[in-house]
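Take a look at the structure below.
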Amino acid sequence: MRSFTGNELNSMFGDRLYLIVSVALIVLAIVVFVRSFEKKKPGTKDVVMLSVMVSLAVVGRLVFFMIPQFKPCAAIIIITGIMLGKQSGFLCGVLTAFISDLFFGMGPWTVWQMIAFGIIGVLSALIFSEERIEKMGDFGKLMLCIYGFIVTFFVYGIIMDTATVFMITDKPKVATFVATYSAGIVFNMIHGISTFVFLYLMANPLSKKIKRVLIKYNNR
């Protein structure tokens, strides 16, 4: 079977190739999510809880649309990963980016946002746990907030800045990367600070509500 080159794919799908990739990534994320929970026999509760977290992240991004980069999305995705697991964290990140971009406008950057937010959800679940945060108390909360700043600034920031380079030129040079990363420092700093602030405000109340629901429905 003959494989298609990038130019051939662009000629076939035009500037809508990013949309096809986005949908494919969502399908892949859903498959991973479903297969991971097959043994746990997930019910409607699991889907509803994840849907609520995605909705909160999307609405949060829409509400703060007038303040560039100051959004609660990353904080909500981090909390989702910690409380519901890495699969849910990844899926929350992917869906948040895709759905919110339906309002803000989709483009090649959407795929990169989906990947960046998805990675944040997975990393959060791997690095932190609900029990660990509770045991550390105020210090644990501070560490979580600092982590939120770091992962937003570096992981999301570097991925999106890299995406910018590939979107503005097909022959990137070292100077282009340096200039793009330097120009993005301020925006990434604001995004990181916003994640710190929203985690500080929402981590405890939101995690407690999630835990209450999970315990009520014997999900643990």
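We name chains A, B, ... following the order of the structure tokens; residues begin at 1 in each chain, and ligands are numbered from 1 as shown.
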
Neighbour list for Ile99 in chain A as a list in words, cut-off 8 Å, only C-alpha atoms, skip fewer than 4 positions in-chain: Val58, Leu95 and Phe103 of chain A

Surrounding residues of Thr96 in chain A excluding itself and chain neighbours under 2 positions, 7 Å, only C-alpha atoms, as a VMD selection string: chain A and resid 54 57 to 58 92 to 94 98 to 100

Residue among A:Ala74, A:Pro68, A:Thr176, A:Thr80 lying closest to Asp46 in chain A, counting only C-alpha atoms: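 Comparing A:Ala74, A:Pro68, A:Thr176, A:Thr80 against Asp46 in chain A, the winner is A:Thr80.
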
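Nearest to Thr110 in chain A of all the residues A:Phe65, A:Met83, A:Leu25, A:Ala75 is A:Leu25, counting only C-alpha atoms.
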
Å distance separating CA of Thr44 in chain A from CA of Gly60 in chain A, one decimal place: 24.0 Å

Distance criterion (only C-alpha atoms): nearest to Leu56 in chain A out of A:Leu84, A:Leu28, A:Leu206, A:Ile146: A:Leu206

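Distances here use only C-alpha atoms; by that measure, the residue among A:Ile79, A:Val52, A:Val111, A:Val47 closest to Pro205 in chain A is A:Ile79.
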
Secondary structure check, alpha helix (DSSP H) residues of range 34-168 of chain A, as a ChimeraX atom specification: /A:34-36,44-63,73-84,86-104,108-127,130-150,157-168

Nearest residue to Phe64 in chain A from the set A:Gly121, A:His191, A:Val178, A:Lys173 (distances using only C-alpha atoms):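 Smallest separation from Phe64 in chain A among the options: A:His191.
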